[in-house]
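Undergrad: My structure file structure.csv, CSV, C-alpha atoms and all ligand atoms, is below:
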chain,number,residue,atom,x,y,z
A,1464,MET,CA,-3.6,2.8,27.5
A,1465,LYS,CA,-2.0,-0.5,26.5
A,1466,ASP,CA,1.7,-0.2,27.1
A,1467,HIS,CA,3.8,-0.5,24.0
A,1468,ALA,CA,6.2,2.2,25.1
A,1469,PHE,CA,9.3,2.4,23.0
A,1470,ASP,CA,11.9,4.7,24.4
A,1471,GLY,CA,14.3,3.9,21.6
A,1472,PHE,CA,17.9,4.0,21.0
A,1473,LEU,CA,17.7,5.5,17.5
A,1474,PRO,CA,20.3,8.3,17.2
A,1475,ARG,CA,19.7,11.8,15.8
A,1476,ILE,CA,22.6,12.1,13.4
A,1477,ASN,CA,22.3,15.6,11.8
A,1478,SER,CA,19.7,18.3,11.2
A,1479,ASN,CA,18.5,16.5,8.0
A,1480,HIS,CA,18.1,13.3,9.9
A,1481,ARG,CA,14.6,12.1,10.6
A,1482,THR,CA,12.9,9.5,12.7
A,1483,VAL,CA,10.2,7.9,10.6
A,1484,LEU,CA,7.5,5.6,12.0
A,1485,ILE,CA,6.1,3.2,9.4
A,1486,ALA,CA,2.9,1.4,10.5
A,1487,GLY,CA,2.5,-1.7,8.3
A,1488,GLY,CA,6.3,-1.6,7.7
A,1489,ALA,CA,6.6,-5.3,7.3
A,1490,GLY,CA,4.1,-5.4,4.3
A,1491,PHE,CA,4.7,-4.9,0.6
A,1492,LEU,CA,4.8,-1.1,0.4
A,1493,GLY,CA,5.8,-0.5,4.0
A,1494,SER,CA,9.0,-2.6,3.7
A,1495,HIS,CA,10.0,-0.6,0.6
A,1496,LEU,CA,9.4,2.6,2.5
A,1497,CYS,CA,11.5,1.3,5.4
A,1498,GLU,CA,14.3,0.4,3.0
A,1499,PHE,CA,14.2,3.8,1.3
A,1500,HIS,CA,14.4,5.7,4.6
A,1501,LEU,CA,17.2,3.5,5.9
A,1502,GLN,CA,19.2,4.1,2.6
A,1503,GLN,CA,18.7,7.9,3.2
A,1504,GLY,CA,20.3,7.5,6.7
A,1505,HIS,CA,17.1,8.1,8.6
A,1506,SER,CA,16.0,6.1,11.6
A,1507,VAL,CA,13.0,3.8,11.1
A,1508,ILE,CA,10.5,2.5,13.6
A,1509,CYS,CA,8.5,-0.3,12.0
A,1510,VAL,CA,5.2,-1.1,13.6
A,1511,ASP,CA,3.3,-4.2,12.4
A,1512,ASN,CA,1.0,-6.9,13.7
A,1513,PHE,CA,2.2,-9.3,10.9
A,1514,GLN,CA,-1.4,-10.0,9.8
A,1515,THR,CA,-0.3,-9.9,6.1
A,1516,GLY,CA,3.3,-8.7,6.5
A,1517,ALA,CA,6.3,-11.0,6.4
A,1518,MET,CA,9.3,-11.1,8.6
A,1519,ALA,CA,11.4,-11.8,5.4
A,1520,ASN,CA,10.5,-8.4,4.1
A,1521,ILE,CA,12.3,-6.6,6.9
A,1522,ARG,CA,14.9,-9.3,8.0
A,1523,PRO,CA,17.7,-7.5,6.2
A,1524,PHE,CA,17.1,-4.4,8.4
A,1525,LEU,CA,17.0,-6.2,11.7
A,1526,GLY,CA,20.0,-5.5,13.8
A,1527,ARG,CA,20.8,-2.2,12.1
A,1528,PRO,CA,21.2,0.6,14.8
A,1529,ASN,CA,18.8,2.9,13.0
A,1530,PHE,CA,16.0,0.3,12.6
A,1531,SER,CA,13.6,-1.0,15.3
A,1532,LEU,CA,10.6,-3.2,15.1
A,1533,ILE,CA,7.5,-3.0,17.3
A,1534,ASN,CA,5.0,-5.9,17.1
A,1535,HIS,CA,1.8,-4.0,17.7
A,1536,ASP,CA,-1.8,-3.9,16.4
A,1537,ILE,CA,-2.7,-0.2,15.7
A,1538,THR,CA,-6.4,-0.9,16.7
A,1539,THR,CA,-5.0,-0.3,20.2
A,1540,PRO,CA,-3.1,3.0,21.2
A,1541,LEU,CA,0.6,3.2,20.6
A,1542,GLN,CA,2.9,5.0,22.9
A,1543,ILE,CA,6.4,6.0,21.7
A,1544,LEU,CA,8.6,8.0,24.1
A,1545,GLN,CA,11.2,9.3,21.7
A,1546,PRO,CA,10.7,12.1,19.2
A,1547,VAL,CA,9.1,11.1,15.9
A,1548,ASP,CA,9.2,13.4,12.8
A,1549,GLN,CA,7.1,11.6,10.3
A,1550,ILE,CA,4.5,8.8,10.4
A,1551,PHE,CA,3.5,6.7,7.3
A,1552,ASN,CA,0.2,4.8,8.0
A,1553,MET,CA,0.6,1.8,5.6
A,1554,ALA,CA,-1.1,-0.6,8.0
A,1555,CYS,CA,-4.1,-2.4,6.5
A,1556,ALA,CA,-4.4,-5.7,4.6
A,1557,ALA,CA,-4.6,-4.5,1.0
A,1558,SER,CA,-5.8,-7.6,-0.9
A,1559,PRO,CA,-9.5,-8.5,-0.9
A,1560,PRO,CA,-8.9,-12.0,0.5
A,1561,GLY,CA,-6.7,-10.4,3.2
A,1562,TYR,CA,-9.0,-7.7,4.3
A,1563,GLN,CA,-12.2,-9.7,3.9
A,1564,LYS,CA,-11.0,-12.4,6.3
A,1565,ASN,CA,-11.8,-10.3,9.3
A,1566,PRO,CA,-13.8,-7.4,8.0
A,1567,VAL,CA,-14.6,-5.9,11.5
A,1568,HIS,CA,-10.8,-5.8,12.2
A,1569,THR,CA,-10.2,-4.2,8.8
A,1570,MET,CA,-12.7,-1.4,9.6
A,1571,LEU,CA,-11.2,-0.9,13.0
A,1572,THR,CA,-7.7,-0.8,11.6
A,1573,ASN,CA,-8.8,1.9,9.2
A,1574,VAL,CA,-10.7,4.0,11.7
A,1575,MET,CA,-9.3,3.3,15.2
A,1576,GLY,CA,-5.8,2.6,13.8
A,1577,ALA,CA,-5.8,6.0,12.0
A,1578,LYS,CA,-7.1,7.7,15.1
A,1579,HIS,CA,-4.3,6.2,17.3
A,1580,LEU,CA,-1.6,7.2,14.8
A,1581,LEU,CA,-3.2,10.7,14.4
A,1582,ASP,CA,-3.1,11.1,18.2
A,1583,LEU,CA,0.6,10.1,18.2
A,1584,ALA,CA,1.3,12.6,15.4
A,1585,ARG,CA,-0.5,15.3,17.4
A,1586,ASP,CA,1.4,14.4,20.5
A,1587,LYS,CA,4.8,14.4,18.7
A,1588,GLY,CA,4.1,17.3,16.3
A,1589,ALA,CA,4.9,14.9,13.5
A,1590,ARG,CA,3.7,14.9,9.9
A,1591,ILE,CA,1.5,11.9,9.1
A,1592,LEU,CA,0.6,10.4,5.7
A,1593,GLN,CA,-2.4,8.1,5.2
A,1594,SER,CA,-2.2,5.4,2.6
A,1595,SER,CA,-5.6,5.9,1.1
A,1596,THR,CA,-6.7,4.1,-2.0
A,1597,SER,CA,-8.4,4.3,-5.4
A,1598,GLU,CA,-11.1,2.2,-3.7
A,1599,VAL,CA,-12.5,5.4,-2.2
A,1600,TYR,CA,-13.9,5.9,-5.8
A,1601,GLY,CA,-15.6,2.4,-5.6
A,1602,ASP,CA,-16.9,1.2,-9.0
A,1603,PRO,CA,-16.4,4.6,-10.7
A,1604,GLU,CA,-18.8,6.1,-13.2
A,1605,ILE,CA,-16.1,8.2,-14.8
A,1606,LYS,CA,-13.3,6.8,-17.0
A,1607,VAL,CA,-10.4,8.7,-15.4
A,1608,GLN,CA,-10.6,9.2,-11.6
A,1609,VAL,CA,-9.8,12.7,-10.5
A,1610,GLU,CA,-9.5,13.7,-6.8
A,1611,THR,CA,-12.7,15.7,-6.9
A,1612,TYR,CA,-14.8,12.7,-7.9
A,1613,ARG,CA,-16.8,11.5,-4.9
A,1614,GLY,CA,-17.0,7.9,-5.8
A,1615,ASN,CA,-19.6,5.1,-6.1
A,1616,VAL,CA,-19.1,2.8,-3.1
A,1617,ASN,CA,-21.5,0.2,-1.7
A,1618,THR,CA,-21.7,0.6,2.0
A,1619,CYS,CA,-23.0,-2.9,2.6
A,1620,GLY,CA,-21.0,-5.3,0.4
A,1621,PRO,CA,-17.9,-7.4,1.2
A,1622,ARG,CA,-15.5,-4.6,0.1
A,1623,ALA,CA,-17.2,-2.0,2.3
A,1624,CYS,CA,-14.9,-2.7,5.4
A,1625,TYR,CA,-12.0,-1.6,3.3
A,1626,ASP,CA,-13.5,1.1,1.0
A,1627,GLU,CA,-15.6,2.8,3.6
A,1628,GLY,CA,-12.9,2.3,6.2
A,1629,LYS,CA,-10.5,4.2,4.0
A,1630,ARG,CA,-13.0,6.9,3.3
A,1631,ALA,CA,-13.7,7.3,7.1
A,1632,ALA,CA,-9.9,7.5,7.7
A,1633,GLU,CA,-9.6,10.3,5.1
A,1634,ALA,CA,-12.4,12.2,7.0
A,1635,LEU,CA,-10.5,11.7,10.3
A,1636,PHE,CA,-7.3,13.1,8.7
A,1637,TRP,CA,-9.2,16.1,7.5
A,1638,ASP,CA,-10.7,16.6,11.0
A,1639,TYR,CA,-7.4,16.3,12.8
A,1640,HIS,CA,-5.8,18.8,10.4
A,1641,HIS,CA,-8.7,21.3,10.7
A,1642,SER,CA,-9.4,20.8,14.4
A,1643,PHE,CA,-5.9,20.4,15.8
A,1644,GLY,CA,-3.6,21.6,13.1
A,1645,VAL,CA,-2.0,18.2,12.5
A,1646,GLN,CA,0.2,18.2,9.4
A,1647,THR,CA,-1.7,15.5,7.4
A,1648,ARG,CA,-1.1,14.1,3.9
A,1649,VAL,CA,-3.4,11.7,2.0
A,1650,ALA,CA,-2.2,9.6,-0.9
A,1651,ARG,CA,-4.9,7.8,-2.9
A,1652,ILE,CA,-2.8,4.9,-4.1
A,1653,PHE,CA,-3.8,3.0,-7.3
A,1654,ASN,CA,-2.8,-0.6,-8.0
A,1655,THR,CA,0.9,-1.1,-7.3
A,1656,TYR,CA,3.1,-4.1,-8.1
A,1657,GLY,CA,6.6,-5.3,-7.5
A,1658,PRO,CA,8.9,-7.5,-5.5
A,1659,ARG,CA,7.7,-8.5,-2.0
A,1660,MET,CA,4.1,-8.6,-3.0
A,1661,HIS,CA,3.1,-11.8,-1.4
A,1662,PRO,CA,2.7,-14.6,-4.0
A,1663,ASP,CA,-0.5,-15.9,-2.3
A,1664,ASP,CA,-2.2,-12.6,-1.4
A,1665,GLY,CA,-4.8,-12.9,-4.2
A,1666,ARG,CA,-4.1,-9.7,-6.1
A,1667,VAL,CA,-4.2,-10.0,-9.8
A,1668,VAL,CA,-0.5,-9.5,-10.8
A,1669,SER,CA,0.7,-11.8,-8.1
A,1670,ASN,CA,-2.0,-14.4,-9.0
A,1671,PHE,CA,-1.1,-14.4,-12.7
A,1672,ILE,CA,2.7,-14.6,-12.2
A,1673,ARG,CA,2.5,-17.4,-9.6
A,1674,GLN,CA,0.0,-19.3,-11.8
A,1675,ALA,CA,2.1,-18.8,-15.0
A,1676,LEU,CA,5.4,-19.8,-13.3
A,1677,LYS,CA,3.7,-23.0,-12.1
A,1678,ASP,CA,2.0,-23.6,-15.5
A,1679,GLU,CA,-1.4,-23.5,-13.8
A,1680,PRO,CA,-4.5,-21.9,-15.5
A,1681,LEU,CA,-4.6,-18.1,-15.2
A,1682,THR,CA,-7.8,-17.2,-13.4
A,1683,VAL,CA,-9.5,-14.2,-15.1
A,1684,TYR,CA,-12.6,-12.9,-13.4
A,1685,GLY,CA,-15.5,-12.2,-15.7
A,1686,ASP,CA,-14.7,-11.7,-19.4
A,1687,GLY,CA,-11.4,-9.9,-18.5
A,1688,SER,CA,-12.4,-6.6,-20.1
A,1689,GLN,CA,-12.2,-4.8,-16.7
A,1690,THR,CA,-9.2,-2.5,-16.5
A,1691,ARG,CA,-6.5,-1.6,-14.0
A,1692,SER,CA,-3.5,0.7,-14.1
A,1693,PHE,CA,-0.3,-0.6,-12.5
A,1694,CYS,CA,2.4,1.5,-10.9
A,1695,PHE,CA,5.8,0.0,-10.0
A,1696,VAL,CA,6.7,0.1,-6.4
A,1697,SER,CA,9.8,2.3,-6.7
A,1698,ASP,CA,7.7,4.9,-8.5
A,1699,LEU,CA,5.1,4.8,-5.8
A,1700,VAL,CA,7.6,5.1,-3.0
A,1701,ALA,CA,9.1,8.2,-4.7
A,1702,GLY,CA,5.6,9.7,-4.9
A,1703,LEU,CA,4.8,9.0,-1.2
A,1704,VAL,CA,8.0,10.6,0.0
A,1705,LYS,CA,7.5,13.6,-2.2
A,1706,LEU,CA,3.9,14.0,-0.9
A,1707,MET,CA,5.1,13.7,2.7
A,1708,ASN,CA,7.7,16.4,2.2
A,1709,SER,CA,5.3,18.7,0.3
A,1710,GLU,CA,2.9,21.2,1.9
A,1711,GLU,CA,-0.2,19.6,0.3
A,1712,THR,CA,-2.9,18.5,2.8
A,1713,GLU,CA,-5.6,17.6,0.3
A,1714,PRO,CA,-5.7,14.1,-1.2
A,1715,VAL,CA,-3.4,13.3,-4.2
A,1716,ASN,CA,-3.8,10.4,-6.6
A,1717,LEU,CA,-0.6,8.3,-7.0
A,1718,GLY,CA,-0.6,5.7,-9.7
A,1719,ASN,CA,0.3,5.0,-13.3
A,1720,PRO,CA,-2.3,6.2,-15.8
A,1721,THR,CA,-1.4,3.4,-18.4
A,1722,GLU,CA,-4.6,1.3,-18.4
A,1723,ILE,CA,-4.8,-2.3,-19.5
A,1724,THR,CA,-7.5,-5.0,-19.4
A,1725,MET,CA,-7.1,-8.1,-17.3
A,1726,LEU,CA,-7.1,-10.3,-20.4
A,1727,GLU,CA,-4.2,-8.2,-21.8
A,1728,LEU,CA,-2.4,-8.5,-18.5
A,1729,ALA,CA,-2.8,-12.3,-18.5
A,1730,ASN,CA,-1.4,-12.6,-22.1
A,1731,ILE,CA,1.6,-10.3,-21.3
A,1732,ILE,CA,2.5,-12.4,-18.2
A,1733,ARG,CA,2.1,-15.7,-20.2
A,1734,ARG,CA,4.5,-14.2,-22.9
A,1735,LYS,CA,7.1,-12.9,-20.4
A,1736,THR,CA,7.2,-16.1,-18.4
A,1737,ASN,CA,7.1,-18.4,-21.5
A,1738,SER,CA,4.2,-20.1,-19.8
A,1739,GLU,CA,2.0,-22.8,-21.4
A,1740,SER,CA,-0.9,-21.8,-18.9
A,1741,LYS,CA,-4.4,-21.7,-20.3
A,1742,ILE,CA,-6.8,-18.8,-19.3
A,1743,VAL,CA,-9.9,-19.8,-17.4
A,1744,HIS,CA,-12.8,-17.4,-16.6
A,1745,LEU,CA,-14.3,-17.3,-13.1
A,1746,ARG,CA,-17.3,-15.4,-11.8
A,1747,LEU,CA,-16.7,-11.6,-11.3
A,1748,PRO,CA,-16.5,-10.9,-7.5
A,1749,THR,CA,-19.2,-8.6,-6.0
A,1750,ASP,CA,-18.6,-4.9,-6.5
A,1751,ASP,CA,-15.4,-5.5,-8.5
A,1752,PRO,CA,-14.6,-2.2,-10.2
A,1753,LYS,CA,-14.9,-2.2,-14.0
A,1754,GLN,CA,-12.2,0.4,-14.6
A,1755,ARG,CA,-9.3,2.1,-12.8
A,1756,ARG,CA,-7.3,4.9,-14.2
A,1757,PRO,CA,-5.8,7.8,-12.1
A,1758,ASP,CA,-5.8,11.4,-13.2
A,1759,ILE,CA,-2.3,12.4,-11.9
A,1760,CYS,CA,-2.4,16.1,-12.9
A,1761,ARG,CA,-2.2,17.2,-9.2
A,1762,ALA,CA,0.7,14.9,-8.5
A,1763,LYS,CA,2.5,16.2,-11.5
A,1764,THR,CA,1.9,19.9,-10.7
A,1765,LEU,CA,2.2,19.8,-6.9
A,1766,LEU,CA,4.9,17.2,-6.5
A,1767,GLY,CA,6.7,17.2,-9.9
A,1768,TRP,CA,6.0,13.4,-9.8
A,1769,GLN,CA,5.1,10.9,-12.4
A,1770,PRO,CA,5.9,7.2,-12.9
A,1771,ALA,CA,9.1,6.4,-14.7
A,1772,VAL,CA,9.2,2.6,-14.8
A,1773,ALA,CA,7.7,1.0,-18.0
A,1774,PHE,CA,5.2,-1.8,-17.1
A,1775,GLU,CA,7.1,-4.5,-18.9
A,1776,ASP,CA,10.4,-3.5,-17.1
A,1777,GLY,CA,8.8,-3.6,-13.7
A,1778,LEU,CA,7.1,-6.9,-14.5
A,1779,ALA,CA,10.4,-8.4,-15.4
A,1780,GLN,CA,11.8,-7.5,-12.0
A,1781,MET,CA,8.8,-8.9,-10.3
A,1782,ILE,CA,8.9,-12.1,-12.2
A,1783,ASP,CA,12.6,-12.6,-11.3
A,1784,TRP,CA,11.8,-12.1,-7.7
A,1785,TYR,CA,8.8,-14.5,-7.8
A,1786,ARG,CA,11.0,-17.1,-9.5
A,1787,SER,CA,13.4,-17.0,-6.6
A,1788,GLU,CA,10.5,-17.1,-4.1
A,1789,LEU,CA,9.0,-20.1,-5.7
A,1790,ASP,CA,12.4,-21.8,-5.9
A,1791,GLY,CA,12.2,-21.7,-2.1
A,1792,ALA,CA,14.6,-18.9,-1.3
A,1793,ARG,CA,12.2,-17.7,1.5
A,1794,LEU,CA,10.1,-20.7,2.2
A,1795,ASP,CA,10.6,-20.3,5.9
A,1796,ASP,CA,9.0,-16.9,5.6
A,1797,ALA,CA,5.5,-17.6,4.5
A,1798,LEU,CA,2.8,-15.2,5.7
A,1799,VAL,CA,2.8,-14.8,9.5
A,1800,SER,CA,-0.9,-15.0,10.3
B,1901,LIG,N1,-0.5,-2.2,-2.9
B,1901,LIG,C1,-1.4,-1.5,-3.5
B,1901,LIG,O1,-1.7,-1.7,-4.7
B,1901,LIG,C2,-2.3,-0.5,-2.7
B,1901,LIG,C3,-3.2,0.3,-3.4
B,1901,LIG,C4,-4.0,1.2,-2.6
B,1901,LIG,C5,-3.7,1.3,-1.3
B,1901,LIG,N2,-2.8,0.6,-0.7
B,1901,LIG,C6,-2.6,0.8,0.8
B,1901,LIG,O2,-1.3,0.8,1.1
B,1901,LIG,C7,-1.1,0.2,2.4
B,1901,LIG,C8,0.0,-0.9,2.3
B,1901,LIG,O3,-0.5,-1.9,1.3
B,1901,LIG,P1,0.3,-3.2,0.9
B,1901,LIG,O4,0.1,-3.5,-0.5
B,1901,LIG,O5,1.7,-3.0,1.4
B,1901,LIG,O6,-0.4,-4.3,1.8
B,1901,LIG,P2,0.2,-5.4,2.8
B,1901,LIG,O7,-1.0,-6.3,3.2
B,1901,LIG,O8,1.3,-6.1,2.1
B,1901,LIG,O9,0.7,-4.6,4.0
B,1901,LIG,C9,-0.1,-4.1,5.1
B,1901,LIG,C10,0.7,-4.3,6.3
B,1901,LIG,O10,0.0,-3.8,7.4
B,1901,LIG,C11,0.0,-4.7,8.5
B,1901,LIG,N3,-1.2,-4.5,9.3
B,1901,LIG,C12,-2.5,-4.8,8.9
B,1901,LIG,N4,-3.3,-4.5,9.9
B,1901,LIG,C13,-2.6,-4.0,10.9
B,1901,LIG,C14,-2.9,-3.5,12.2
B,1901,LIG,N5,-4.2,-3.5,12.7
B,1901,LIG,N6,-1.9,-3.1,13.0
B,1901,LIG,C15,-0.6,-3.2,12.6
B,1901,LIG,N7,-0.3,-3.6,11.4
B,1901,LIG,C16,-1.2,-4.0,10.5
B,1901,LIG,C17,0.2,-6.0,7.8
B,1901,LIG,O11,0.7,-7.0,8.7
B,1901,LIG,C18,1.1,-5.7,6.7
B,1901,LIG,O12,2.4,-5.8,7.1
B,1901,LIG,C19,-2.4,-0.3,2.9
B,1901,LIG,O13,-3.0,0.6,3.8
B,1901,LIG,C20,-3.3,-0.3,1.6
B,1901,LIG,O14,-4.6,-0.1,1.8
B,1901,LIG,C21,-2.1,-0.3,-1.3
Would you mind writing the file out in structure tokens?

TA:
Amino acid sequence: MKDHAFDGFLPRINSNHRTVLIAGGAGFLGSHLCEFHLQQGHSVICVDNFQTGAMANIRPFLGRPNFSLINHDITTPLQILQPVDQIFNMACAASPPGYQKNPVHTMLTNVMGAKHLLDLARDKGARILQSSTSEVYGDPEIKVQVETYRGNVNTCGPRACYDEGKRAAEALFWDYHHSFGVQTRVARIFNTYGPRMHPDDGRVVSNFIRQALKDEPLTVYGDGSQTRSFCFVSDLVAGLVKLMNSEETEPVNLGNPTEITMLELANIIRRKTNSESKIVHLRLPTDDPKQRRPDICRAKTLLGWQPAVAFEDGLAQMIDWYRSELDGARLDDALVS
């Protein structure tokens, strides 16, 4: 086993105190999860290979006695010597340009990475949550995606390394729970947005805001009638934590059911940024889903969770953050690749 032993110095403070390992902790969602747990007084071990993560996302936490960083790729086994109570597996490039750059590595991250973290959870007796995705539904044939829907995924296209990798990871989680009794949780996350989403990562909200702030044309794929549902990051983090602390081992959708078209999104962002940008239409990428809308009945019933942040309010926070990014506040912290 490759030696990435971490024997840790993180203190156990009281009976409510937890040590939480966050794989992918330097990424968009992972860094918000790190911040949430640090604010709660827990100890955080952030594991990341900085493929799409940014040091800037976690720099404010470095040096805190209850935060540690391990630069590690989860496609190889991870050994941690100290106790771990909870593991969040957030490690995987999430934007199509990010995960399609090295599709074999993406598949291995999803499958071997999940296995290595499940082995760690089994060894530590820790709970483990998988950041699965609405992409397990592929290009859905039903308008509202409920957890029982089995999806419409192309096993051979450019998105398959991500979509099928995430599906295989869900199967591994199910197997570790039923074969070994590991306490697994599976969140099927729908599109999430907010501060710390890398401006150049190629996802639609970040693309449009960056283009609008620079008065560049907004690039809409196809005719822009395809829909997405966007959840603000603080709502998503609250959902992930509730799911982790629940007893639910079956997959749960987490997302905001308010659905908008990409053309509507482009126009909202132009208005909110007072941008003069034109809209240009580009070819629709292969296997791009035509619609996305979560059924969140299970999350509401089982977790008492639903999104609280209105889209325009979340967008305003994200636009403010992007303005400061583009003003150069973190220019030294571009993607570490
Ligand atoms: N943001 C969304 O809208 C969304 C939607 C559905 C699912 N998800 C899932 O949530 C998770 C986090 O997404 P995000 O938006 O924060 O993406 P992100 O790209 O910002 O973060 C992913 C993090 O994982 C790290 N990483 C990637 N491969 C790794 C490896 N092999 N070993 C160690 N670290 C690795 C990256 O460096 C990065 O810090 C991903 O698993 C993604 O599939 C996100």

Undergrad: Show me, as a list in words, the residues that have an atom within 7 Å of stretch 1649-1663 of chain A when counting only C-alpha atoms, minus same-chain residues fewer than 6 positions from it.

TA: Phe1491, Asn1520, Leu1592, Gln1593, Ser1594, Ser1595, Thr1596, Ser1597, Ser1669, Asn1670, Arg1673, Ser1692, Phe1693, Cys1694, Phe1695, Val1696, Thr1712, Glu1713, Pro1714, Val1715, Asn1716, Leu1717, Gly1718, Gly1777, Met1781 and Trp1784 of chain A

Undergrad: Considering all atoms listed in the file, can you say which of A:Ser1531, A:Asn1617, A:Asn1719, A:Gln1545 comes closest to ligand LIG 1901 (chain B)?

TA: A:Asn1719

Undergrad: Might you pull out every residue within 9 Å of stretch 1605-1608 of chain A, with only C-alpha atoms counted and same-chain residues fewer than 4 positions away left off, and present them as JSON, numbers by chain?

TA: {"A": [1597, 1600, 1612, 1614, 1716, 1720, 1754, 1755, 1756, 1757, 1758, 1759]}

Undergrad: Keeping C-alpha atoms for every residue in the selection just given, could you write it to a file as a short mmCIF file (atom, residue, chain, number, x, y, z; two decimals), in the coordinates of the input?

TA:
data_model
loop_
_atom_site.label_atom_id
_atom_site.label_comp_id
_atom_site.auth_asym_id
_atom_site.auth_seq_id
_atom_site.Cartn_x
_atom_site.Cartn_y
_atom_site.Cartn_z
CA SER A 1597 -8.40 4.30 -5.40
CA TYR A 1600 -13.90 5.90 -5.80
CA TYR A 1612 -14.80 12.70 -7.90
CA GLY A 1614 -17.00 7.90 -5.80
CA ASN A 1716 -3.80 10.40 -6.60
CA PRO A 1720 -2.30 6.20 -15.80
CA GLN A 1754 -12.20 0.40 -14.60
CA ARG A 1755 -9.30 2.10 -12.80
CA ARG A 1756 -7.30 4.90 -14.20
CA PRO A 1757 -5.80 7.80 -12.10
CA ASP A 1758 -5.80 11.40 -13.20
CA ILE A 1759 -2.30 12.40 -11.90
#

Undergrad: As an exercise, work out the distance from atom CA of A:His1500 to atom CA of A:Asn1529 in Å and give it to one decimal place.

TA: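 Here the two named atoms are 9.9 Å from each other.
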
Undergrad: Can you measure atom CA of A:Pro1560 to atom CA of A:Leu1681 for me? One decimal in Å is fine.

TA: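 Atom-to-atom, atom CA of A:Pro1560 to atom CA of A:Leu1681, that is 17.4 Å.
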